[in-house]
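Written below as structure tokens is the structure these notes are about.
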Amino acid sequence: MGQAKAIMLVTLVALLAPGKGRGQEKAQDPQAQNPVARGVVEAGTRGVWGNVYGRPDLPFTPVLSTSKYDEYRDLRDGFFVRRARVNLDSLSGGKYYLDLQSDKSVYRDQSYLGTIGQWDRFQLQFRYDEIPHIYSNTTRTLYSETAPGVLTIPLLVRNQLQTLAATAPASLPGTIQTQLVSGMNFVTPMLERRAGTLSLIYDFDEHWDVRASFARERDTGSRPLALVFNSSPSASLTGGYGAELPEPIHYFNNTVNVMAEQGRQRWALQVGYTGSFFQNQARTLRFDNPFVTADCVAPTNCTSATQGPAQGEVDHYPTNNAQYLSAGGTAEVAKRTHVVGSVNAGWLHQDAAFVPYTTNSLLEAQTAALPAASLHGDKQTLAMNYKVIQTLGKQFAVKFGYRQYDYNNNTPVLSLTPVEGDISAPNLASPTTNTPYGYNRKNIELAGNWYFARKSSLKAGYQGEIMDRTERDVAHSLENGFVAAVDSAPRKDLSWRVSYEYFDRNPEHYVDAQALVTAGGITNDSIYSRRFDEAARIRNRGSAELEYSPTDRLSFSGFAGSTQDNYNRRGGVNSPTALNYTTSTAAPYYLYGVLKDLSYNAGFDGDFTLTNSVSVFAEYSYERYYKSMASRYRAPGGATPTPLDCSTSGRGCDSANNDWGSTAADHVHIVSAGLDLHPGKRAYLSAYYSLSAAKGNVNSFALGDSTVTTGPDKFILTGTNAAVNYPETTSRNHEVVAIFRYNLTKNLTPKIEYRYQQFDNQDYQTSAMTPYMGCVSPLPPGAAVPGCSSVLIGTASPYYPYFVVGDTSAARFLFMGADQPSYRAHYLAGSMEYRF
Amino acid sequence: MRARLSFFLQVAGALAMIGFGFGQPVLAEEKPARAQAAAMADGDYAGSEACATCHTEQQKSFVHTIMGNALAQGKSAEAARGCESCHGPGKVHVEAGGGKDTIPVRFTADSHNTVEEKNAACVSCHSKGGQMFWRGSSHESRGMACVDCHQVHYGSAAERYAALGGEARYSQPLTEHVGTKKPQPELCLSCHQMRRAQLQRSSHMPYREGKVTCTSCHNPHGSPNPSQLIQASVNENCLSCHTERRGPFLWEHPPVLENCANCHDPHGSSNPQLLKVRMPRVCDSCHVSSRHPTQPQPLSSIKNFNRGCTNCHSSIHGSNHPSGNAFLR
């Protein structure tokens with residue numbers, strides 16, 4: 001299909017290219033008498049070679065063509081048409097124009113754009129895009145799709161796993177590792193997004209027009225999706241299984257847009273409709289339980305460790321639609337007064353049929369009837385924006401803005417009795433209801449600009465936000481802010497800007513409903529846990545920019561900025577006293593959750609034209625992100641939980657001595673340098689090197705006193721509860737590029753392009769992933785997983801220093817082993833650019 | 001929440017306010033330069049032929065541009081003035097035998113015209129479509145001129161393609177617009193340098209590949225919405241492509257409904273899935289409840305590697321399964 005389109009396009013280009021001089025229609029414009037096809041075609045041949053590295057543990061070598069190098073593109077060897085464009089701007093006596101473009105023809109990341117129109121009358125356009133998205137090149141799975149939405153594993157394999165799990169659980173990891181994983185099929189989870197859009201703009205006259213478009217998009221492929229068969233978040237040896245699957249994706253999305261607009265010298269108005277209709281052709285996914293072949297609920301025929309459903313079922317994103325009506329306008333309504341307004345009302349609807357509560361046939365009879373066949377999900381949104389700009393003489397301007405966004409959730413509240421995990425009967429006596437969250441956000445802005453000199457201004461103003469929520473912790477909050485900025489260009493070669501913003505957000509009350517419910521002697525949520533998107537916050541944000549061009553040959557710019565969010569505020573909705581266990585602490589905290597969220601950035605770039613044929617550039621930027629949080633390990637007690645006692649099992653534990661903190665920091669350096677050479681009139685050489693180097697650190701630490709080993713406040717953040725630092729993650733992307741062009745003739749430019757990319761990736765979350773992680777034991781003195789014979793037992797990873805995976809709870813979780821390893825790639829292309 | 005009737009009343013009221021605004025009389029006292037130029041007598045205009053007499057080379061290339069064609073074929077009185085529709089009446093310039101100072105509106109760096117005067121020449125025609133909300137927009141307030149980004153005298157599409165230098169650092173998105181000084185995203189990144197750094201991150205949308213670009217989400221000419229977004233909110237912007245996550249769902253995760261940017265950074269991240277903070281800490285930031293969400297989680301935990309918390313809570317954006325209240329399915 002794609003090839004046919006590409007061939008058609010190239011043919012069309014070839015047909016149109018000699019069109020110079022054709023078409024002898026008369027027109028007033030001399031150039032219109034000879035419609036000329038103008039354009040460019042760049043085609044050539046290319047080769048890509050290199051290797052994927054960093055995973056010597058794998059029994060295969062991941063290939064480059066499905067690596068992160070080709071995450072969103074399709075760089076295959078051979079002939080390619082990078083881009084083609086043909087443009088006829090004087091068809092039919094100059095009245096009509098035609099423009100055809102292609103990009104990366106034939107390949108999976110191709111795009112086409114065709115436009116035909118009549119000047120000052122209409123424009124009809126067709127656009128087609130393909131976007132690939134490869135998730136991993138190291139994935140393997142036991143599953144295969146035997147019917148739409150059904151993933152199965154051979155029964156023989158499941159029987160063997162089930163028998164081992166029931167009779168010889170100690171040998172299960174070793175068997176999976178040595179026999180099962182080696183027989184898994186390779187899959188490349190990837191999506192292909194294909195979208196076509198037909199649009200029309202019709203000008204009735206110079207003042208008003210209508211616009212309409214229809215877009216249809218299709219997404220197909222698969223992506224990794226992890227699922228569990230039990231209610232416990234861990235698929236531990238004491239019950240439960242899990243599997244990561246290649247989730248089949250089969251989406252359609254149709255979008256219709258119609259808009260009419262009228263534009264005059266002093267006012268303009270537009271009204272429009274947008275309808276977006278999403279269809280999921282793979283509505284549900286049923287998948288085999290690798291370890292259970294028949295539904296079983298303990299204690300009949302199975303134990304709590306071996307029970308489970310024979311199949312799981314997940315309800316995919318439901319078919320839905322959203323429709324919007326919009327109106328907007330702008331007008332000079334009075335002397336020096338300009339108003340802008342827009343209203344956008346939306347209706348979101350979803351009515352896909354519910355699937356049953358459970359796939360476990362033994363539990364199905366115990367479930368209550370579903371309260372409805374479908375949700376009748378219904379929401380309305382209303383965005384209103386109004387702005388008034390008043391200029392006061394030549395030096396002053398005042399802007400007032402008001403915005404309201406209403407998210408009105410009218411979805412029915414249903415009473416349901418979920419079956420969590422398909423292993424235990426629902427609690428019919430205690431149904432659960434869904435929550436129709438909604439909110440209303442109002443923003444006010446009043447700002448003044450003083451243009452104190454040419455190209456120089458001072459801005460100062462107030463910004464406020466009123467947030468009203470339903471069904472969340474904070475029903476009402478007010479945020480007040482002050483903003484100021486100075487822009488100045490004191491000289492022709494110099495301009496700078498500094499800005500500062502200060503915001504103070506104050507929730508009226510913070511009422512976490514789960515913090516009012518007690519179970520096992522402790523509240524479900526910590527009473528001082530605060531969610532950062534609702535919590536009290538002070539935000540300071542500042543930035544500075546400078547541009548300096550002392551000569552025509554030299555330009556320099558620099559920037560620096562920081563945003564600092566502080567949630568750790570004493571009193572108000574937070575605790576009035578420090579929550580620390582140790583009272584004489586130098587770092588008190590007054591809430592649980594995010595304490596600080598800081599970001600810094602700085603950089604510069606410079607361009608220098610050494611001679612008329614040589615110019616160089618250099619860029620550097622640095623970013624740092626830092627987030628700190630506080631939490632507490634809390635465990636509910638058993639039947640007699642009070643008084644709480646962290647030293648006694650079953651008595652519940654909720655002591656500040658088991659508070660812990662964590663910081664997440666990302667550092668990113670970007671360096672680029674390059675040159676452009678233009679030796680002589682015909683030759684051009686562009687070359688550059690760039691490096692993007694990032695590292696991330698997630699560190700965790702106990703905030704209590706580890707010496708308290710007895711009593712109600714016993715320190716228990718040890719062993720599997722320990723707060724530890726995670727290995728550093730790093731990613732480096734090197735790129736070296738050299739492009740040489742030579743203008744052979746006025747129309748022909750051969751080009752040689754070389755690119756080298758190296759991606760070094762070390763990420764503890766994925767760099768050690770294999771389809772089975774339960775076979776990797778923790779370092780001594782941690783207990784080894786029984787039966788596991790992995791070379792990694794008790795040792796650090798040979799391919800990822802400092803990294804040891806050892807999760808006994810993963811012993812019955814089959815993953816896909818999704819990773820995006822490091823790579824080196826060389827790209828060499830020779831192409832010819834033909835302009836006509 | 002408000003009743004449905006209230007919702008419709010709000011819509012009606014808002015539309016009425018808009019309508020009221022347009023019904024107001026226009027008291028035009030100070031007209032922009034373009035309007036002033038247009039208001040001058042026809043006798044002040046020299047005609048494009050007169051311009052071409054001296055500015056032959058510019059005229060040759062200009063006729064192949066979109067603007068050149070639009071003016072040549074335009075039906076309005078403005079369009080009929082050709083060069084003078086933007087540069088203002090040229091009779092004085094012709095009679096003076098040339099000279100920069102006698103051109104009413106010039107757009108080059110050494111122009112003495114104010115930004116407002118330069119922009120007025122563009123805005124008087126480009127007052128609809130994507131340019132409707134230019135007045136009061138961030139870029140307009142910062143004193144940016146249209147010609148800071150756009151170039152009218154650029155020649156043909158082919159010349160433009162060659163001049164832009166192909167795809168050196170970023171693959172260019174396919175577009176019919178050729179009148180920008182640089183292709184996207186380079187044009188925007190020349191000022192928004194922080195974004196250039198973010199686009200280089202390992203976790204990114206296909207910006208570098210030219211499949212998504214700045215104007216996929218933002219309208220640099222202004223919009224009534226925050227951050228010059230095309231859609232009415234951050235979420236409407238994200239969900240215009242990620243329509244499957246739109247819901248409404250039976251079980252919903254409230255921070256997801258309010259702002260995708262609570263957890264994700266759309267411009268790029270060093271963490272998987274464009275997350276601002278990687279799992280499990282992104283979840284721990286809010287969930288201080290009991291049992292496993294409040295454990296610090298040593299590295300060996302299943303909650304730490306692969307997909308982190310979403311190894312189990314995979315439907316975290318919302319679930320329509322009757323038993324999906326914990327977002328497990």
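How things are named: the first chain in the structure tokens is A, the next is B, and so on; residues count from 1 in each chain; ligands count from 1 in the order shown.
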For chain B against chain A, with a cut-off of 6 Å and counting only C-alpha atoms, what is the closest atom pair and its distance in Å to one decimal for every residue that makes the cut, ordered by chain and number, as a Markdown table?
| residue | atom | partner | partner_atom | distance |
| --- | --- | --- | --- | --- |
| B:Gln24 | CA | A:Val333 | CA | 5.7 |
| B:Val26 | CA | A:Val333 | CA | 5.1 |
| B:Leu27 | CA | A:Ala334 | CA | 4.9 |
| B:Ala28 | CA | A:Lys335 | CA | 5.8 |
| B:Ala70 | CA | A:Trp119 | CA | 5.8 |
| B:Gln73 | CA | A:Trp119 | CA | 6.0 |
| B:Gly74 | CA | A:Asp120 | CA | 5.6 |
| B:Ser127 | CA | A:Gly263 | CA | 5.9 |
| B:Lys128 | CA | A:Gly263 | CA | 5.6 |
| B:Ala158 | CA | A:Gly39 | CA | 4.8 |
| B:Pro224 | CA | A:Asn385 | CA | 5.9 |
| B:Glu244 | CA | A:Tyr317 | CA | 5.6 |
| B:Pro248 | CA | A:Gly377 | CA | 5.2 |
| B:Trp251 | CA | A:Asn434 | CA | 5.9 |
| B:Ser285 | CA | A:Gly593 | CA | 4.9 |
| B:Cys286 | CA | A:Arg531 | CA | 4.7 |
| B:Val288 | CA | A:Ser526 | CA | 5.8 |
| B:Ser289 | CA | A:Asp525 | CA | 3.9 |
| B:Ser290 | CA | A:Arg634 | CA | 4.8 |
| B:Arg291 | CA | A:Ala635 | CA | 5.1 |
| B:Thr294 | CA | A:Tyr633 | CA | 4.8 |
| B:Gln295 | CA | A:Tyr633 | CA | 5.2 |
| B:Pro296 | CA | A:Ala723 | CA | 5.0 |
| B:Ser300 | CA | A:Gly806 | CA | 4.6 |
| B:Ser301 | CA | A:Asp807 | CA | 5.4 |
| B:Phe305 | CA | A:Gln765 | CA | 4.0 |
| B:Asn306 | CA | A:Gln765 | CA | 5.0 |
| B:Asn311 | CA | A:Ala226 | CA | 4.9 |
| B:Cys312 | CA | A:Leu227 | CA | 5.4 |
| B:His321 | CA | A:Asp315 | CA | 5.4 |
| B:Pro322 | CA | A:Tyr357 | CA | 5.5 |
| B:Ser323 | CA | A:Pro418 | CA | 4.1 |
| B:Arg329 | CA | A:Val314 | CA | 4.9 |
So that I can see what lies close to B:His264, please list as a CSV table (one decimal) with C-alpha atoms, in the first residue's frame the residues with an atom at most 6 Å from it, counting only C-alpha atoms and leaving out residues fewer than 6 positions away in the same chain.
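Ended up saving to selection_14.csv:
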chain,number,residue,atom,x,y,z
B,274,LEU,CA,8.0,10.5,30.2
B,275,LEU,CA,7.5,10.3,33.9
B,276,LYS,CA,8.7,13.2,36.0
Using only C-alpha atoms for the distances, tell me which of A:Pro550, A:Ala298, A:Tyr135, A:Gln323 is nearest to B:Gln273.
A:Tyr135
Show me, as a list in words, the residues that have an atom within 6 Å of stretch 178-194 of chain B when counting only C-alpha atoms, minus same-chain residues fewer than 2 positions from it.
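Surrounding residues, per the criterion: Cys149, His150, Gln151, Val152, Arg196 and Ala197 of chain B.
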Residues from last step as file, N, CA and C atoms, as a short mmCIF file (atom, residue, chain, number, x, y, z; two decimals), in the first residue's frame:
data_model
loop_
_atom_site.label_atom_id
_atom_site.label_comp_id
_atom_site.auth_asym_id
_atom_site.auth_seq_id
_atom_site.Cartn_x
_atom_site.Cartn_y
_atom_site.Cartn_z
N CYS B 149 9.95 35.54 13.05
CA CYS B 149 9.90 34.11 12.71
C CYS B 149 9.64 33.89 11.21
N HIS B 150 8.90 34.80 10.61
CA HIS B 150 8.48 34.59 9.23
C HIS B 150 9.29 35.43 8.25
N GLN B 151 9.35 34.90 7.04
CA GLN B 151 10.07 35.58 5.98
C GLN B 151 9.19 35.48 4.73
N VAL B 152 8.88 36.60 4.18
CA VAL B 152 7.96 36.61 3.03
C VAL B 152 8.72 36.45 1.72
N ARG B 196 15.11 22.62 23.86
CA ARG B 196 16.07 21.89 23.04
C ARG B 196 16.74 20.80 23.87
N ALA B 197 17.09 21.17 25.08
CA ALA B 197 17.73 20.18 25.95
C ALA B 197 16.75 19.05 26.27
#
Could you give me, as an mmCIF file with C-alpha atoms, in the first residue's frame, each residue of stretch 74-209 of chain B that DSSP assigns to alpha helix (DSSP H) when run on this structure's backbone?
data_model
loop_
_atom_site.group_PDB
_atom_site.id
_atom_site.type_symbol
_atom_site.label_atom_id
_atom_site.label_comp_id
_atom_site.auth_asym_id
_atom_site.auth_seq_id
_atom_site.Cartn_x
_atom_site.Cartn_y
_atom_site.Cartn_z
ATOM 1 C CA ALA B 77 -8.622 45.973 -2.836
ATOM 2 C CA GLU B 78 -5.773 45.332 -0.441
ATOM 3 C CA ALA B 79 -4.390 42.507 -2.524
ATOM 4 C CA ALA B 80 -4.557 44.612 -5.669
ATOM 5 C CA GLU B 84 2.240 48.385 -1.225
ATOM 6 C CA SER B 85 -0.341 46.283 0.562
ATOM 7 C CA CYS B 86 2.400 45.499 3.083
ATOM 8 C CA HIS B 87 4.958 48.253 2.580
ATOM 9 C CA LYS B 91 4.615 57.198 -4.452
ATOM 10 C CA VAL B 92 6.839 59.296 -2.227
ATOM 11 C CA HIS B 93 9.512 56.624 -2.402
ATOM 12 C CA VAL B 94 9.318 56.572 -6.189
ATOM 13 C CA GLU B 95 9.362 60.310 -6.496
ATOM 14 C CA VAL B 115 6.884 46.204 16.037
ATOM 15 C CA GLU B 116 3.238 47.188 16.133
ATOM 16 C CA GLU B 117 3.512 48.873 12.750
ATOM 17 C CA LYS B 118 5.212 45.872 11.225
ATOM 18 C CA ASN B 119 2.725 43.452 12.708
ATOM 19 C CA ALA B 120 -0.223 45.575 11.657
ATOM 20 C CA ALA B 121 0.724 44.976 8.034
ATOM 21 C CA CYS B 122 0.359 41.234 8.583
ATOM 22 C CA VAL B 123 -2.511 41.142 11.029
ATOM 23 C CA SER B 138 2.349 35.854 25.012
ATOM 24 C CA HIS B 139 4.483 36.511 21.968
ATOM 25 C CA GLU B 140 2.692 39.729 21.126
ATOM 26 C CA SER B 141 3.036 40.944 24.711
ATOM 27 C CA CYS B 146 5.800 38.453 12.834
ATOM 28 C CA VAL B 147 9.005 38.833 10.849
ATOM 29 C CA ASP B 148 11.036 37.576 13.780
ATOM 30 C CA CYS B 149 9.898 34.114 12.706
ATOM 31 C CA ALA B 157 9.570 26.034 -2.248
ATOM 32 C CA ALA B 158 12.585 24.326 -3.782
ATOM 33 C CA GLU B 159 14.881 27.200 -2.951
ATOM 34 C CA ARG B 160 13.449 27.278 0.483
ATOM 35 C CA TYR B 161 14.071 23.584 1.012
ATOM 36 C CA ALA B 162 17.685 23.953 -0.014
ATOM 37 C CA ALA B 163 18.180 27.049 2.085
ATOM 38 C CA GLU B 186 14.603 24.764 15.268
ATOM 39 C CA LEU B 187 12.611 27.956 14.915
ATOM 40 C CA CYS B 188 11.032 27.656 18.353
ATOM 41 C CA LEU B 189 14.171 26.263 19.979
ATOM 42 C CA GLN B 193 16.553 26.746 24.540
ATOM 43 C CA MET B 194 15.497 24.743 27.557
ATOM 44 C CA ARG B 195 13.186 22.767 25.337
ATOM 45 C CA ARG B 196 16.069 21.887 23.035
ATOM 46 C CA ALA B 197 17.727 20.184 25.954
ATOM 47 C CA GLN B 198 14.554 18.368 26.922
ATOM 48 C CA LEU B 199 13.988 17.030 23.422
#
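For the choices B:Ser137, B:Gly88, B:Tyr154, B:Arg281, the atom-to-atom distance to B:Ser61 is smallest for B:Tyr154 when using only C-alpha atoms.
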Find the residues near stretch 148-164 of chain A: any atom within 6 Å, counting only C-alpha atoms, skip ones fewer than 3 places away on the same chain, and give them as a PDB file with N, CA and C atoms, in the first residue's frame.
ATOM      1  N   LEU A 142       5.543 -16.538  26.048  1.00  0.00           N
ATOM      2  CA  LEU A 142       4.932 -17.845  25.804  1.00  0.00           C
ATOM      3  C   LEU A 142       3.613 -17.696  25.073  1.00  0.00           C
ATOM      4  N   TYR A 143       3.074 -16.491  25.098  1.00  0.00           N
ATOM      5  CA  TYR A 143       1.718 -16.281  24.594  1.00  0.00           C
ATOM      6  C   TYR A 143       1.685 -16.106  23.079  1.00  0.00           C
ATOM      7  N   SER A 144       0.613 -16.568  22.526  1.00  0.00           N
ATOM      8  CA  SER A 144       0.348 -16.266  21.124  1.00  0.00           C
ATOM      9  C   SER A 144      -1.144 -15.982  20.996  1.00  0.00           C
ATOM     10  N   GLU A 145      -1.510 -15.126  20.076  1.00  0.00           N
ATOM     11  CA  GLU A 145      -2.910 -14.728  19.922  1.00  0.00           C
ATOM     12  C   GLU A 145      -3.604 -15.759  19.028  1.00  0.00           C
ATOM     13  N   THR A 167       3.449 -29.482  43.422  1.00  0.00           N
ATOM     14  CA  THR A 167       4.148 -30.611  44.039  1.00  0.00           C
ATOM     15  C   THR A 167       5.610 -30.327  44.370  1.00  0.00           C
ATOM     16  N   ALA A 168       6.240 -29.485  43.600  1.00  0.00           N
ATOM     17  CA  ALA A 168       7.667 -29.222  43.844  1.00  0.00           C
ATOM     18  C   ALA A 168       7.983 -27.746  43.588  1.00  0.00           C
ATOM     19  N   PRO A 169       7.418 -26.883  44.421  1.00  0.00           N
ATOM     20  CA  PRO A 169       7.601 -25.449  44.164  1.00  0.00           C
ATOM     21  C   PRO A 169       9.070 -25.013  44.179  1.00  0.00           C
ATOM     22  N   LEU A 172      10.510 -25.046  40.781  1.00  0.00           N
ATOM     23  CA  LEU A 172       9.838 -24.237  39.755  1.00  0.00           C
ATOM     24  C   LEU A 172      10.755 -23.184  39.123  1.00  0.00           C
ATOM     25  N   ALA A 282     -10.283  -4.212  19.766  1.00  0.00           N
ATOM     26  CA  ALA A 282      -9.861  -5.311  20.653  1.00  0.00           C
ATOM     27  C   ALA A 282     -10.385  -4.960  22.041  1.00  0.00           C
ATOM     28  N   THR A 284     -11.682  -6.611  24.749  1.00  0.00           N
ATOM     29  CA  THR A 284     -11.191  -7.265  25.964  1.00  0.00           C
ATOM     30  C   THR A 284     -10.043  -8.195  25.604  1.00  0.00           C
ATOM     31  N   LEU A 285      -9.325  -8.560  26.615  1.00  0.00           N
ATOM     32  CA  LEU A 285      -8.225  -9.496  26.407  1.00  0.00           C
ATOM     33  C   LEU A 285      -8.351 -10.625  27.430  1.00  0.00           C
ATOM     34  N   ARG A 286      -8.459 -11.841  26.922  1.00  0.00           N
ATOM     35  CA  ARG A 286      -8.451 -13.027  27.781  1.00  0.00           C
ATOM     36  C   ARG A 286      -7.104 -13.697  27.627  1.00  0.00           C
ATOM     37  N   PHE A 287      -6.528 -14.106  28.728  1.00  0.00           N
ATOM     38  CA  PHE A 287      -5.173 -14.655  28.657  1.00  0.00           C
ATOM     39  C   PHE A 287      -5.047 -15.799  29.657  1.00  0.00           C
ATOM     40  N   ASP A 288      -4.318 -16.810  29.215  1.00  0.00           N
ATOM     41  CA  ASP A 288      -4.145 -18.011  30.040  1.00  0.00           C
ATOM     42  C   ASP A 288      -3.296 -17.712  31.264  1.00  0.00           C
ATOM     43  N   PRO A 290      -0.470 -19.075  33.294  1.00  0.00           N
ATOM     44  CA  PRO A 290       0.563 -20.067  32.981  1.00  0.00           C
ATOM     45  C   PRO A 290       0.618 -21.194  34.003  1.00  0.00           C
ATOM     46  N   PHE A 291       0.158 -20.929  35.226  1.00  0.00           N
ATOM     47  CA  PHE A 291       0.367 -21.881  36.311  1.00  0.00           C
ATOM     48  C   PHE A 291      -0.903 -22.623  36.729  1.00  0.00           C
ATOM     49  N   VAL A 292      -2.034 -22.270  36.151  1.00  0.00           N
ATOM     50  CA  VAL A 292      -3.299 -22.895  36.554  1.00  0.00           C
ATOM     51  C   VAL A 292      -4.080 -23.239  35.285  1.00  0.00           C
TER      52      VAL A 292
END
A:Ala535 surroundings by only C-alpha atoms, 10 Å radius, close-in-sequence under 3 positions cut, as number ranges by chain:
A: 473-474, 477, 505-507, 509-510, 529-532, 538, 567-569, 573-574, 591, 593-594
Okay, now the selection with C-alpha atoms, as an mmCIF file, in the first residue's frame?
data_model
loop_
_atom_site.group_PDB
_atom_site.id
_atom_site.type_symbol
_atom_site.label_atom_id
_atom_site.label_comp_id
_atom_site.auth_asym_id
_atom_site.auth_seq_id
_atom_site.Cartn_x
_atom_site.Cartn_y
_atom_site.Cartn_z
ATOM 1 C CA ASP A 473 -9.322 15.857 49.543
ATOM 2 C CA VAL A 474 -9.369 19.587 48.958
ATOM 3 C CA SER A 477 -8.226 26.233 47.439
ATOM 4 C CA ARG A 505 -1.512 28.092 47.253
ATOM 5 C CA ASN A 506 -3.669 27.552 50.279
ATOM 6 C CA PRO A 507 -6.269 24.806 50.579
ATOM 7 C CA HIS A 509 -9.287 22.348 54.368
ATOM 8 C CA TYR A 510 -7.591 19.056 53.626
ATOM 9 C CA SER A 529 -0.432 12.628 53.901
ATOM 10 C CA ARG A 530 -0.834 15.382 51.342
ATOM 11 C CA ARG A 531 -1.146 14.929 47.615
ATOM 12 C CA PHE A 532 1.102 17.410 45.870
ATOM 13 C CA ILE A 538 4.773 28.130 47.743
ATOM 14 C CA TYR A 567 5.191 21.959 50.146
ATOM 15 C CA ASN A 568 6.818 21.555 53.526
ATOM 16 C CA ARG A 569 4.958 24.351 55.215
ATOM 17 C CA VAL A 573 -3.589 22.226 56.527
ATOM 18 C CA ASN A 574 -0.284 20.625 57.481
ATOM 19 C CA LEU A 591 3.426 16.471 56.032
ATOM 20 C CA GLY A 593 4.257 13.276 50.531
ATOM 21 C CA VAL A 594 6.301 15.639 48.413
#
For a test of reading the model, state the distance in Å between atom CA of A:Leu494 and atom CA of B:Trp134, rounded to one decimal.
25.8 Å
Could you state the separation of atom CA of A:Ser488 and atom CA of B:Thr108 in Å, given to one decimal place?
19.6 Å
Out of stretch 176-295 of chain B, which residues get strand (DSSP E or B) from DSSP, as a PyMOL selection string?
chain B and resi 180+203+218+229+251+264+269+275
Pull N, CA and C atoms from the residues just selected and write them as an mmCIF file, in the first residue's frame.
data_model
loop_
_atom_site.group_PDB
_atom_site.id
_atom_site.type_symbol
_atom_site.label_atom_id
_atom_site.label_comp_id
_atom_site.auth_asym_id
_atom_site.auth_seq_id
_atom_site.Cartn_x
_atom_site.Cartn_y
_atom_site.Cartn_z
ATOM 1 N N THR B 180 8.663 30.281 7.151
ATOM 2 C CA THR B 180 9.357 30.530 8.411
ATOM 3 C C THR B 180 10.861 30.606 8.161
ATOM 4 N N SER B 203 13.703 9.510 26.946
ATOM 5 C CA SER B 203 12.264 9.267 26.842
ATOM 6 C C SER B 203 11.635 10.503 26.213
ATOM 7 N N HIS B 218 0.972 23.518 20.531
ATOM 8 C CA HIS B 218 0.917 24.950 20.838
ATOM 9 C C HIS B 218 0.635 25.769 19.585
ATOM 10 N N LEU B 229 -1.862 26.608 24.325
ATOM 11 C CA LEU B 229 -2.269 25.289 23.845
ATOM 12 C C LEU B 229 -3.392 25.415 22.822
ATOM 13 N N TRP B 251 -13.838 3.422 37.000
ATOM 14 C CA TRP B 251 -12.919 3.738 38.103
ATOM 15 C C TRP B 251 -11.901 4.745 37.582
ATOM 16 N N HIS B 264 3.581 13.304 34.109
ATOM 17 C CA HIS B 264 4.385 13.218 32.885
ATOM 18 C C HIS B 264 4.933 14.587 32.473
ATOM 19 N N SER B 269 11.926 13.342 29.104
ATOM 20 C CA SER B 269 12.321 12.986 30.462
ATOM 21 C C SER B 269 13.424 11.936 30.405
ATOM 22 N N LEU B 275 7.895 10.013 32.532
ATOM 23 C CA LEU B 275 7.540 10.305 33.920
ATOM 24 C C LEU B 275 8.479 11.351 34.510
#
